[in-house]
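S.K.: So here's target35.cif, just mmCIF, N, CA and C atoms:
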data_target
#
loop_
_atom_site.label_atom_id
_atom_site.label_comp_id
_atom_site.auth_asym_id
_atom_site.auth_seq_id
_atom_site.Cartn_x
_atom_site.Cartn_y
_atom_site.Cartn_z
N GLN A 34 -38.79 34.74 -10.89
CA GLN A 34 -38.87 36.02 -11.57
C GLN A 34 -38.05 37.05 -10.82
N VAL A 35 -37.40 37.92 -11.55
CA VAL A 35 -36.55 38.94 -10.95
C VAL A 35 -37.28 40.28 -10.99
N GLN A 36 -37.30 40.95 -9.86
CA GLN A 36 -37.83 42.30 -9.81
C GLN A 36 -36.70 43.24 -9.45
N LEU A 37 -36.47 44.23 -10.29
CA LEU A 37 -35.42 45.22 -10.06
C LEU A 37 -36.07 46.54 -9.68
N VAL A 38 -35.70 47.04 -8.51
CA VAL A 38 -36.29 48.27 -7.99
C VAL A 38 -35.21 49.34 -7.90
N GLN A 39 -35.40 50.41 -8.64
CA GLN A 39 -34.41 51.48 -8.71
C GLN A 39 -34.73 52.61 -7.75
N SER A 40 -33.65 53.30 -7.35
CA SER A 40 -33.80 54.52 -6.55
C SER A 40 -32.67 55.47 -6.91
N GLY A 41 -32.86 56.73 -6.54
CA GLY A 41 -31.86 57.74 -6.85
C GLY A 41 -32.25 58.54 -8.07
N GLY A 42 -31.30 59.29 -8.59
CA GLY A 42 -31.54 60.12 -9.76
C GLY A 42 -32.09 61.48 -9.40
N GLY A 43 -32.50 62.22 -10.44
CA GLY A 43 -33.06 63.55 -10.21
C GLY A 43 -32.37 64.61 -11.05
N LEU A 44 -32.39 65.83 -10.54
CA LEU A 44 -31.83 66.98 -11.25
C LEU A 44 -30.52 67.41 -10.60
N VAL A 45 -29.51 67.66 -11.42
CA VAL A 45 -28.21 68.08 -10.92
C VAL A 45 -27.60 69.06 -11.91
N GLN A 46 -26.76 69.95 -11.40
CA GLN A 46 -26.07 70.89 -12.28
C GLN A 46 -24.88 70.21 -12.95
N PRO A 47 -24.46 70.72 -14.08
CA PRO A 47 -23.26 70.17 -14.74
C PRO A 47 -22.08 70.16 -13.79
N GLY A 48 -21.35 69.06 -13.82
CA GLY A 48 -20.21 68.88 -12.91
C GLY A 48 -20.57 68.21 -11.61
N GLY A 49 -21.86 68.05 -11.37
CA GLY A 49 -22.30 67.44 -10.13
C GLY A 49 -22.30 65.92 -10.18
N SER A 50 -22.80 65.33 -9.09
CA SER A 50 -22.80 63.87 -8.95
C SER A 50 -24.18 63.38 -8.55
N LEU A 51 -24.46 62.15 -8.97
CA LEU A 51 -25.66 61.45 -8.55
C LEU A 51 -25.34 59.98 -8.39
N ARG A 52 -26.18 59.32 -7.60
CA ARG A 52 -26.01 57.88 -7.41
C ARG A 52 -27.34 57.19 -7.67
N LEU A 53 -27.27 56.13 -8.44
CA LEU A 53 -28.43 55.30 -8.71
C LEU A 53 -28.22 53.94 -8.06
N SER A 54 -29.29 53.40 -7.50
CA SER A 54 -29.21 52.07 -6.90
C SER A 54 -30.28 51.17 -7.49
N CYS A 55 -29.99 49.88 -7.46
CA CYS A 55 -30.89 48.88 -8.02
C CYS A 55 -30.91 47.68 -7.09
N LEU A 56 -32.07 47.39 -6.57
CA LEU A 56 -32.25 46.27 -5.65
C LEU A 56 -32.93 45.13 -6.39
N ALA A 57 -32.32 43.95 -6.33
CA ALA A 57 -32.93 42.76 -6.92
C ALA A 57 -33.75 42.06 -5.84
N SER A 58 -35.00 42.44 -5.78
CA SER A 58 -35.87 41.83 -4.78
C SER A 58 -36.33 40.46 -5.29
N ARG A 59 -36.95 39.72 -4.45
CA ARG A 59 -37.47 38.39 -4.76
C ARG A 59 -36.39 37.36 -5.06
N LYS A 60 -35.13 37.73 -4.81
CA LYS A 60 -34.06 36.77 -5.03
C LYS A 60 -33.18 36.71 -3.79
N ILE A 61 -32.70 35.52 -3.48
CA ILE A 61 -31.80 35.39 -2.35
C ILE A 61 -30.39 35.78 -2.77
N THR A 62 -29.55 36.08 -1.80
CA THR A 62 -28.22 36.60 -2.10
C THR A 62 -27.38 35.62 -2.90
N SER A 63 -27.52 34.33 -2.63
CA SER A 63 -26.70 33.35 -3.35
C SER A 63 -27.03 33.35 -4.85
N VAL A 64 -28.26 33.66 -5.19
CA VAL A 64 -28.64 33.75 -6.60
C VAL A 64 -28.11 35.06 -7.19
N PHE A 65 -28.25 36.15 -6.44
CA PHE A 65 -27.80 37.45 -6.93
C PHE A 65 -26.32 37.43 -7.27
N ARG A 66 -25.55 36.69 -6.48
CA ARG A 66 -24.10 36.64 -6.70
C ARG A 66 -23.73 36.20 -8.12
N GLY A 67 -24.59 35.42 -8.72
CA GLY A 67 -24.31 34.89 -10.05
C GLY A 67 -24.77 35.79 -11.19
N TYR A 68 -25.40 36.91 -10.86
CA TYR A 68 -25.92 37.80 -11.89
C TYR A 68 -24.87 38.78 -12.38
N THR A 69 -24.88 38.99 -13.69
CA THR A 69 -24.21 40.16 -14.24
C THR A 69 -25.22 41.30 -14.17
N MET A 70 -24.81 42.42 -13.61
CA MET A 70 -25.68 43.58 -13.46
C MET A 70 -25.22 44.69 -14.41
N ALA A 71 -26.17 45.38 -14.99
CA ALA A 71 -25.82 46.42 -15.95
C ALA A 71 -26.73 47.64 -15.77
N TRP A 72 -26.23 48.74 -16.25
CA TRP A 72 -27.01 49.98 -16.33
C TRP A 72 -27.03 50.44 -17.78
N TYR A 73 -28.22 50.77 -18.22
CA TYR A 73 -28.44 51.33 -19.55
C TYR A 73 -29.05 52.72 -19.40
N ARG A 74 -29.02 53.47 -20.49
CA ARG A 74 -29.74 54.73 -20.49
C ARG A 74 -30.37 54.95 -21.86
N GLN A 75 -31.42 55.74 -21.84
CA GLN A 75 -32.10 56.06 -23.08
C GLN A 75 -32.35 57.56 -23.11
N GLN A 76 -31.68 58.21 -24.04
CA GLN A 76 -31.84 59.64 -24.22
C GLN A 76 -33.02 59.87 -25.16
N SER A 77 -33.61 61.04 -25.06
CA SER A 77 -34.79 61.36 -25.83
C SER A 77 -34.53 61.17 -27.32
N GLY A 78 -35.36 60.38 -27.96
CA GLY A 78 -35.26 60.17 -29.40
C GLY A 78 -34.17 59.20 -29.84
N LYS A 79 -33.52 58.56 -28.86
CA LYS A 79 -32.43 57.64 -29.19
C LYS A 79 -32.71 56.25 -28.65
N GLU A 80 -31.93 55.30 -29.13
CA GLU A 80 -32.07 53.94 -28.64
C GLU A 80 -31.40 53.78 -27.27
N ARG A 81 -31.85 52.78 -26.54
CA ARG A 81 -31.24 52.49 -25.25
C ARG A 81 -29.81 52.02 -25.47
N GLU A 82 -28.90 52.52 -24.63
CA GLU A 82 -27.48 52.17 -24.78
C GLU A 82 -26.92 51.67 -23.46
N LEU A 83 -25.94 50.79 -23.56
CA LEU A 83 -25.27 50.26 -22.38
C LEU A 83 -24.32 51.31 -21.82
N VAL A 84 -24.41 51.51 -20.51
CA VAL A 84 -23.55 52.49 -19.83
C VAL A 84 -22.43 51.79 -19.07
N ALA A 85 -22.80 50.78 -18.28
CA ALA A 85 -21.81 50.11 -17.44
C ALA A 85 -22.32 48.72 -17.11
N VAL A 86 -21.37 47.82 -16.88
CA VAL A 86 -21.73 46.44 -16.54
C VAL A 86 -20.72 45.91 -15.53
N ILE A 87 -21.21 45.07 -14.61
CA ILE A 87 -20.34 44.43 -13.64
C ILE A 87 -20.69 42.95 -13.59
N SER A 88 -19.66 42.12 -13.72
CA SER A 88 -19.85 40.68 -13.75
C SER A 88 -19.89 40.12 -12.33
N PRO A 89 -20.24 38.85 -12.19
CA PRO A 89 -20.28 38.25 -10.85
C PRO A 89 -18.94 38.33 -10.11
N ASP A 90 -17.84 38.30 -10.84
CA ASP A 90 -16.53 38.36 -10.17
C ASP A 90 -16.05 39.80 -9.96
N GLY A 91 -16.89 40.77 -10.31
CA GLY A 91 -16.56 42.17 -10.05
C GLY A 91 -15.89 42.89 -11.20
N ALA A 92 -15.65 42.22 -12.30
CA ALA A 92 -15.05 42.89 -13.45
C ALA A 92 -16.05 43.89 -14.03
N THR A 93 -15.54 45.04 -14.43
CA THR A 93 -16.42 46.11 -14.92
C THR A 93 -16.06 46.52 -16.34
N ASN A 94 -17.04 47.11 -17.00
CA ASN A 94 -16.81 47.65 -18.34
C ASN A 94 -17.73 48.85 -18.51
N TYR A 95 -17.25 49.84 -19.25
CA TYR A 95 -17.99 51.10 -19.38
C TYR A 95 -18.06 51.56 -20.83
N ALA A 96 -19.11 52.29 -21.13
CA ALA A 96 -19.17 52.98 -22.41
C ALA A 96 -18.07 54.04 -22.44
N ASP A 97 -17.53 54.28 -23.61
CA ASP A 97 -16.45 55.26 -23.74
C ASP A 97 -16.88 56.64 -23.23
N SER A 98 -18.13 56.96 -23.41
CA SER A 98 -18.62 58.29 -23.05
C SER A 98 -18.64 58.55 -21.55
N VAL A 99 -18.56 57.49 -20.73
CA VAL A 99 -18.64 57.67 -19.28
C VAL A 99 -17.38 57.20 -18.55
N LYS A 100 -16.43 56.66 -19.27
CA LYS A 100 -15.20 56.18 -18.63
C LYS A 100 -14.51 57.30 -17.87
N GLY A 101 -14.08 56.97 -16.65
CA GLY A 101 -13.41 57.95 -15.82
C GLY A 101 -14.36 58.85 -15.04
N ARG A 102 -15.66 58.77 -15.34
CA ARG A 102 -16.64 59.60 -14.63
C ARG A 102 -17.65 58.76 -13.86
N PHE A 103 -18.01 57.63 -14.39
CA PHE A 103 -19.00 56.76 -13.75
C PHE A 103 -18.31 55.53 -13.17
N ALA A 104 -18.91 54.98 -12.14
CA ALA A 104 -18.41 53.74 -11.54
C ALA A 104 -19.59 52.87 -11.13
N ILE A 105 -19.47 51.59 -11.45
CA ILE A 105 -20.51 50.63 -11.10
C ILE A 105 -19.99 49.73 -9.98
N PHE A 106 -20.86 49.47 -9.01
CA PHE A 106 -20.51 48.63 -7.87
C PHE A 106 -21.61 47.60 -7.65
N ARG A 107 -21.27 46.60 -6.86
CA ARG A 107 -22.28 45.66 -6.43
C ARG A 107 -22.04 45.30 -4.98
N ASP A 108 -23.13 45.08 -4.28
CA ASP A 108 -23.08 44.61 -2.90
C ASP A 108 -23.94 43.36 -2.85
N ASN A 109 -23.28 42.22 -2.89
CA ASN A 109 -24.03 40.96 -2.96
C ASN A 109 -24.86 40.71 -1.70
N SER A 110 -24.36 41.15 -0.56
CA SER A 110 -25.10 40.90 0.68
C SER A 110 -26.42 41.68 0.70
N ARG A 111 -26.45 42.80 -0.02
CA ARG A 111 -27.67 43.61 -0.08
C ARG A 111 -28.39 43.46 -1.41
N LYS A 112 -27.86 42.59 -2.29
CA LYS A 112 -28.48 42.33 -3.59
C LYS A 112 -28.67 43.64 -4.37
N THR A 113 -27.65 44.46 -4.32
CA THR A 113 -27.77 45.80 -4.89
C THR A 113 -26.64 46.11 -5.86
N SER A 114 -27.00 46.79 -6.93
CA SER A 114 -26.03 47.35 -7.86
C SER A 114 -26.16 48.87 -7.79
N THR A 115 -25.02 49.56 -7.82
CA THR A 115 -25.01 51.01 -7.70
C THR A 115 -24.23 51.61 -8.87
N LEU A 116 -24.76 52.70 -9.39
CA LEU A 116 -24.04 53.46 -10.42
C LEU A 116 -23.74 54.84 -9.85
N GLN A 117 -22.47 55.09 -9.60
CA GLN A 117 -22.03 56.39 -9.11
C GLN A 117 -21.65 57.23 -10.31
N MET A 118 -22.29 58.38 -10.47
CA MET A 118 -22.07 59.23 -11.63
C MET A 118 -21.48 60.56 -11.18
N ASN A 119 -20.27 60.84 -11.64
CA ASN A 119 -19.56 62.07 -11.27
C ASN A 119 -19.30 62.92 -12.52
N PHE A 120 -19.02 64.19 -12.30
CA PHE A 120 -18.71 65.11 -13.39
C PHE A 120 -19.77 65.02 -14.50
N LEU A 121 -20.99 65.08 -14.07
CA LEU A 121 -22.10 64.91 -15.01
C LEU A 121 -22.16 66.04 -16.01
N ARG A 122 -22.59 65.67 -17.21
CA ARG A 122 -22.70 66.62 -18.32
C ARG A 122 -24.15 66.67 -18.80
N PRO A 123 -24.52 67.74 -19.46
CA PRO A 123 -25.90 67.80 -19.99
C PRO A 123 -26.24 66.62 -20.89
N GLU A 124 -25.25 66.11 -21.62
CA GLU A 124 -25.51 64.98 -22.51
C GLU A 124 -25.72 63.66 -21.77
N ASP A 125 -25.52 63.66 -20.46
CA ASP A 125 -25.84 62.47 -19.64
C ASP A 125 -27.32 62.42 -19.29
N THR A 126 -28.04 63.47 -19.62
CA THR A 126 -29.47 63.49 -19.35
C THR A 126 -30.17 62.35 -20.09
N ALA A 127 -30.90 61.54 -19.33
CA ALA A 127 -31.53 60.36 -19.91
C ALA A 127 -32.35 59.66 -18.82
N VAL A 128 -33.11 58.67 -19.26
CA VAL A 128 -33.72 57.73 -18.31
C VAL A 128 -32.77 56.56 -18.19
N TYR A 129 -32.41 56.25 -16.96
CA TYR A 129 -31.45 55.18 -16.68
C TYR A 129 -32.20 53.94 -16.20
N TYR A 130 -31.75 52.77 -16.71
CA TYR A 130 -32.39 51.50 -16.38
C TYR A 130 -31.37 50.51 -15.85
N CYS A 131 -31.75 49.83 -14.82
CA CYS A 131 -30.99 48.71 -14.30
C CYS A 131 -31.40 47.46 -15.06
N ASN A 132 -30.46 46.54 -15.24
CA ASN A 132 -30.74 45.35 -16.04
C ASN A 132 -29.99 44.14 -15.52
N THR A 133 -30.63 42.98 -15.65
CA THR A 133 -29.94 41.72 -15.47
C THR A 133 -30.60 40.68 -16.35
N ASN A 134 -29.93 39.54 -16.45
CA ASN A 134 -30.45 38.44 -17.25
C ASN A 134 -30.49 37.18 -16.41
N ASP A 135 -31.61 36.52 -16.43
CA ASP A 135 -31.79 35.30 -15.65
C ASP A 135 -32.35 34.22 -16.57
N ASN A 136 -31.56 33.17 -16.78
CA ASN A 136 -32.00 32.07 -17.65
C ASN A 136 -32.43 32.54 -19.03
N GLY A 137 -31.66 33.47 -19.58
CA GLY A 137 -31.90 33.94 -20.93
C GLY A 137 -32.96 35.01 -21.07
N MET A 138 -33.54 35.43 -19.96
CA MET A 138 -34.57 36.45 -20.01
C MET A 138 -34.05 37.74 -19.38
N ASP A 139 -34.26 38.84 -20.08
CA ASP A 139 -33.83 40.15 -19.59
C ASP A 139 -34.87 40.71 -18.62
N TYR A 140 -34.37 41.31 -17.55
CA TYR A 140 -35.24 42.00 -16.60
C TYR A 140 -34.75 43.43 -16.46
N TRP A 141 -35.73 44.34 -16.29
CA TRP A 141 -35.41 45.77 -16.25
C TRP A 141 -36.01 46.43 -15.01
N GLY A 142 -35.29 47.42 -14.51
CA GLY A 142 -35.87 48.26 -13.50
C GLY A 142 -36.90 49.19 -14.12
N GLN A 143 -37.54 49.98 -13.25
CA GLN A 143 -38.63 50.83 -13.72
C GLN A 143 -38.16 52.08 -14.45
N GLY A 144 -36.87 52.36 -14.38
CA GLY A 144 -36.33 53.55 -15.03
C GLY A 144 -36.30 54.74 -14.09
N THR A 145 -35.23 55.53 -14.20
CA THR A 145 -35.05 56.71 -13.34
C THR A 145 -34.57 57.87 -14.20
N GLN A 146 -35.23 58.98 -14.08
CA GLN A 146 -34.83 60.16 -14.86
C GLN A 146 -33.64 60.84 -14.21
N VAL A 147 -32.62 61.10 -15.02
CA VAL A 147 -31.47 61.90 -14.61
C VAL A 147 -31.42 63.11 -15.54
N THR A 148 -31.46 64.28 -14.96
CA THR A 148 -31.41 65.51 -15.73
C THR A 148 -30.24 66.36 -15.27
N VAL A 149 -29.37 66.69 -16.22
CA VAL A 149 -28.20 67.52 -15.92
C VAL A 149 -28.42 68.86 -16.60
N SER A 150 -28.63 69.88 -15.79
CA SER A 150 -28.96 71.19 -16.35
C SER A 150 -28.66 72.28 -15.33
N SER A 151 -28.26 73.44 -15.83
CA SER A 151 -28.03 74.57 -14.96
C SER A 151 -29.28 75.44 -14.88
#
Could you spell out this file's structure in structure tokens?

M.R.:
Amino acid sequence: QVQLVQSGGGLVQPGGSLRLSCLASRKITSVFRGYTMAWYRQQSGKERELVAVISPDGATNYADSVKGRFAIFRDNSRKTSTLQMNFLRPEDTAVYYCNTNDNGMDYWGQGTQVTVSS
């Protein structure tokens, strides 16, 4: 079973930056290396949407709304995925979730509130 533990987030002014981290506990590093890691967000009253994804070989993909502002990283030795969010906008306000899939089953972090407001 995969447990994803998130940290980071909070309140920031427009134009500011935040970093979210996701630790895949209960898994050894050799297993983590094979995971595709993703970040989703869910804005109030809307469906959860994919924000960024990083494959085991490091290839990344982003939602159009965050391209050029967000960056996803992975550190296999620490079993961690990080979402660096820059030039934040009020419309980035949402609960952000870390995600991975193991043997066809989706696993989610506990969710982290990000609020962009002046």

S.K.: Let's see if you can do this: from backbone DSSP, list all alpha helix (DSSP H) residues in chain A, as a count of residues only.

M.R.: 4

S.K.: Of the candidates A:Val149, A:Val128, A:Leu121, A:Met138, which one gets nearest to Gly48 of chain A if we count only N, CA and C atoms?

M.R.: A:Leu121

S.K.: For the file shown, report as a list of chain:residue names the outcome of the PyMOL selection byres ((chain A and resi 85) around 5) at residue level.

M.R.: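 Checked against the file, the PyMOL selection byres ((chain A and resi 85) around 5) matches A:Ala71, A:Trp72, A:Leu83, A:Val84, A:Val86, A:Ile87, A:Asn94, A:Tyr95, A:Ala96.
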
S.K.: So, counting only C-alpha atoms, which residue among A:Ala57, A:Leu44, A:Val38, A:Val99 is closest to Ser151 of chain A?

M.R.: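 Once distances to Ser151 of chain A are computed over only C-alpha atoms, the minimum belongs to A:Leu44.
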
S.K.: On this structure, the PyMOL selection byres (((chain A and resi 111 and name CA) around 10) and name CA) would catch which residues? List them as a PDB file with N, CA and C atoms, in the coordinates of the input, sorted by chain and number.

M.R.:
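Once everything was written out, this is expr_37.pdb:
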ATOM      1  N   LEU A  56     -32.070  47.390  -6.570  1.00  0.00           N
ATOM      2  CA  LEU A  56     -32.250  46.270  -5.650  1.00  0.00           C
ATOM      3  C   LEU A  56     -32.930  45.130  -6.390  1.00  0.00           C
ATOM      4  N   ALA A  57     -32.320  43.950  -6.330  1.00  0.00           N
ATOM      5  CA  ALA A  57     -32.930  42.760  -6.920  1.00  0.00           C
ATOM      6  C   ALA A  57     -33.750  42.060  -5.840  1.00  0.00           C
ATOM      7  N   SER A  58     -35.000  42.440  -5.780  1.00  0.00           N
ATOM      8  CA  SER A  58     -35.870  41.830  -4.780  1.00  0.00           C
ATOM      9  C   SER A  58     -36.330  40.460  -5.290  1.00  0.00           C
ATOM     10  N   ILE A  61     -32.700  35.520  -3.480  1.00  0.00           N
ATOM     11  CA  ILE A  61     -31.800  35.390  -2.350  1.00  0.00           C
ATOM     12  C   ILE A  61     -30.390  35.780  -2.770  1.00  0.00           C
ATOM     13  N   THR A  62     -29.550  36.080  -1.800  1.00  0.00           N
ATOM     14  CA  THR A  62     -28.220  36.600  -2.100  1.00  0.00           C
ATOM     15  C   THR A  62     -27.380  35.620  -2.900  1.00  0.00           C
ATOM     16  N   PHE A  65     -28.250  36.150  -6.440  1.00  0.00           N
ATOM     17  CA  PHE A  65     -27.800  37.450  -6.930  1.00  0.00           C
ATOM     18  C   PHE A  65     -26.320  37.430  -7.270  1.00  0.00           C
ATOM     19  N   ARG A 107     -21.270  46.600  -6.860  1.00  0.00           N
ATOM     20  CA  ARG A 107     -22.280  45.660  -6.430  1.00  0.00           C
ATOM     21  C   ARG A 107     -22.040  45.300  -4.980  1.00  0.00           C
ATOM     22  N   ASP A 108     -23.130  45.080  -4.280  1.00  0.00           N
ATOM     23  CA  ASP A 108     -23.080  44.610  -2.900  1.00  0.00           C
ATOM     24  C   ASP A 108     -23.940  43.360  -2.850  1.00  0.00           C
ATOM     25  N   ASN A 109     -23.280  42.220  -2.890  1.00  0.00           N
ATOM     26  CA  ASN A 109     -24.030  40.960  -2.960  1.00  0.00           C
ATOM     27  C   ASN A 109     -24.860  40.710  -1.700  1.00  0.00           C
ATOM     28  N   SER A 110     -24.360  41.150  -0.560  1.00  0.00           N
ATOM     29  CA  SER A 110     -25.100  40.900   0.680  1.00  0.00           C
ATOM     30  C   SER A 110     -26.420  41.680   0.700  1.00  0.00           C
ATOM     31  N   LYS A 112     -27.860  42.590  -2.290  1.00  0.00           N
ATOM     32  CA  LYS A 112     -28.480  42.330  -3.590  1.00  0.00           C
ATOM     33  C   LYS A 112     -28.670  43.640  -4.370  1.00  0.00           C
ATOM     34  N   THR A 113     -27.650  44.460  -4.320  1.00  0.00           N
ATOM     35  CA  THR A 113     -27.770  45.800  -4.890  1.00  0.00           C
ATOM     36  C   THR A 113     -26.640  46.110  -5.860  1.00  0.00           C
ATOM     37  N   SER A 114     -27.000  46.790  -6.930  1.00  0.00           N
ATOM     38  CA  SER A 114     -26.030  47.350  -7.860  1.00  0.00           C
ATOM     39  C   SER A 114     -26.160  48.870  -7.790  1.00  0.00           C
TER      40      SER A 114
END

S.K.: Any chance you could model N, CA, C and O atoms for segment 121-143 of chain A and send them as an mmCIF file, in the coordinates of the input?

M.R.:
data_model
loop_
_atom_site.group_PDB
_atom_site.id
_atom_site.type_symbol
_atom_site.label_atom_id
_atom_site.label_comp_id
_atom_site.auth_asym_id
_atom_site.auth_seq_id
_atom_site.Cartn_x
_atom_site.Cartn_y
_atom_site.Cartn_z
ATOM 1 N N LEU A 121 -20.990 65.080 -14.070
ATOM 2 C CA LEU A 121 -22.100 64.910 -15.010
ATOM 3 C C LEU A 121 -22.160 66.040 -16.010
ATOM 4 O O LEU A 121 -21.836 67.202 -15.681
ATOM 5 N N ARG A 122 -22.590 65.670 -17.210
ATOM 6 C CA ARG A 122 -22.700 66.620 -18.320
ATOM 7 C C ARG A 122 -24.150 66.670 -18.800
ATOM 8 O O ARG A 122 -24.898 65.705 -18.610
ATOM 9 N N PRO A 123 -24.520 67.740 -19.460
ATOM 10 C CA PRO A 123 -25.900 67.800 -19.990
ATOM 11 C C PRO A 123 -26.240 66.620 -20.890
ATOM 12 O O PRO A 123 -27.386 66.145 -20.896
ATOM 13 N N GLU A 124 -25.250 66.110 -21.620
ATOM 14 C CA GLU A 124 -25.510 64.980 -22.510
ATOM 15 C C GLU A 124 -25.720 63.660 -21.770
ATOM 16 O O GLU A 124 -26.038 62.643 -22.394
ATOM 17 N N ASP A 125 -25.520 63.660 -20.460
ATOM 18 C CA ASP A 125 -25.840 62.470 -19.640
ATOM 19 C C ASP A 125 -27.320 62.420 -19.290
ATOM 20 O O ASP A 125 -27.779 61.416 -18.722
ATOM 21 N N THR A 126 -28.040 63.470 -19.620
ATOM 22 C CA THR A 126 -29.470 63.490 -19.350
ATOM 23 C C THR A 126 -30.170 62.350 -20.090
ATOM 24 O O THR A 126 -30.006 62.192 -21.306
ATOM 25 N N ALA A 127 -30.900 61.540 -19.330
ATOM 26 C CA ALA A 127 -31.530 60.360 -19.910
ATOM 27 C C ALA A 127 -32.350 59.660 -18.820
ATOM 28 O O ALA A 127 -32.274 60.009 -17.646
ATOM 29 N N VAL A 128 -33.110 58.670 -19.260
ATOM 30 C CA VAL A 128 -33.720 57.730 -18.310
ATOM 31 C C VAL A 128 -32.770 56.560 -18.190
ATOM 32 O O VAL A 128 -32.367 55.967 -19.199
ATOM 33 N N TYR A 129 -32.410 56.250 -16.960
ATOM 34 C CA TYR A 129 -31.450 55.180 -16.680
ATOM 35 C C TYR A 129 -32.200 53.940 -16.200
ATOM 36 O O TYR A 129 -33.111 54.027 -15.370
ATOM 37 N N TYR A 130 -31.750 52.770 -16.710
ATOM 38 C CA TYR A 130 -32.390 51.500 -16.380
ATOM 39 C C TYR A 130 -31.370 50.510 -15.850
ATOM 40 O O TYR A 130 -30.288 50.335 -16.425
ATOM 41 N N CYS A 131 -31.750 49.830 -14.820
ATOM 42 C CA CYS A 131 -30.990 48.710 -14.300
ATOM 43 C C CYS A 131 -31.400 47.460 -15.060
ATOM 44 O O CYS A 131 -32.563 47.324 -15.456
ATOM 45 N N ASN A 132 -30.460 46.540 -15.240
ATOM 46 C CA ASN A 132 -30.740 45.350 -16.040
ATOM 47 C C ASN A 132 -29.990 44.140 -15.520
ATOM 48 O O ASN A 132 -28.865 44.249 -15.030
ATOM 49 N N THR A 133 -30.630 42.980 -15.650
ATOM 50 C CA THR A 133 -29.940 41.720 -15.470
ATOM 51 C C THR A 133 -30.600 40.680 -16.350
ATOM 52 O O THR A 133 -31.669 40.913 -16.916
ATOM 53 N N ASN A 134 -29.930 39.540 -16.450
ATOM 54 C CA ASN A 134 -30.450 38.440 -17.250
ATOM 55 C C ASN A 134 -30.490 37.180 -16.410
ATOM 56 O O ASN A 134 -29.503 36.830 -15.750
ATOM 57 N N ASP A 135 -31.610 36.520 -16.430
ATOM 58 C CA ASP A 135 -31.790 35.300 -15.650
ATOM 59 C C ASP A 135 -32.350 34.220 -16.570
ATOM 60 O O ASP A 135 -33.450 34.371 -17.104
ATOM 61 N N ASN A 136 -31.560 33.170 -16.780
ATOM 62 C CA ASN A 136 -32.000 32.070 -17.650
ATOM 63 C C ASN A 136 -32.430 32.540 -19.030
ATOM 64 O O ASN A 136 -33.428 32.081 -19.581
ATOM 65 N N GLY A 137 -31.660 33.470 -19.580
ATOM 66 C CA GLY A 137 -31.900 33.940 -20.930
ATOM 67 C C GLY A 137 -32.960 35.010 -21.070
ATOM 68 O O GLY A 137 -33.241 35.473 -22.180
ATOM 69 N N MET A 138 -33.540 35.430 -19.960
ATOM 70 C CA MET A 138 -34.570 36.450 -20.010
ATOM 71 C C MET A 138 -34.050 37.740 -19.380
ATOM 72 O O MET A 138 -33.502 37.727 -18.282
ATOM 73 N N ASP A 139 -34.260 38.840 -20.080
ATOM 74 C CA ASP A 139 -33.830 40.150 -19.590
ATOM 75 C C ASP A 139 -34.870 40.710 -18.620
ATOM 76 O O ASP A 139 -36.083 40.616 -18.863
ATOM 77 N N TYR A 140 -34.370 41.310 -17.550
ATOM 78 C CA TYR A 140 -35.240 42.000 -16.600
ATOM 79 C C TYR A 140 -34.750 43.430 -16.460
ATOM 80 O O TYR A 140 -33.534 43.683 -16.473
ATOM 81 N N TRP A 141 -35.730 44.340 -16.290
ATOM 82 C CA TRP A 141 -35.410 45.770 -16.250
ATOM 83 C C TRP A 141 -36.010 46.430 -15.010
ATOM 84 O O TRP A 141 -37.099 46.049 -14.559
ATOM 85 N N GLY A 142 -35.290 47.420 -14.510
ATOM 86 C CA GLY A 142 -35.870 48.260 -13.500
ATOM 87 C C GLY A 142 -36.900 49.190 -14.120
ATOM 88 O O GLY A 142 -37.087 49.220 -15.331
ATOM 89 N N GLN A 143 -37.540 49.980 -13.250
ATOM 90 C CA GLN A 143 -38.630 50.830 -13.720
ATOM 91 C C GLN A 143 -38.160 52.080 -14.450
ATOM 92 O O GLN A 143 -38.958 52.770 -15.071
#
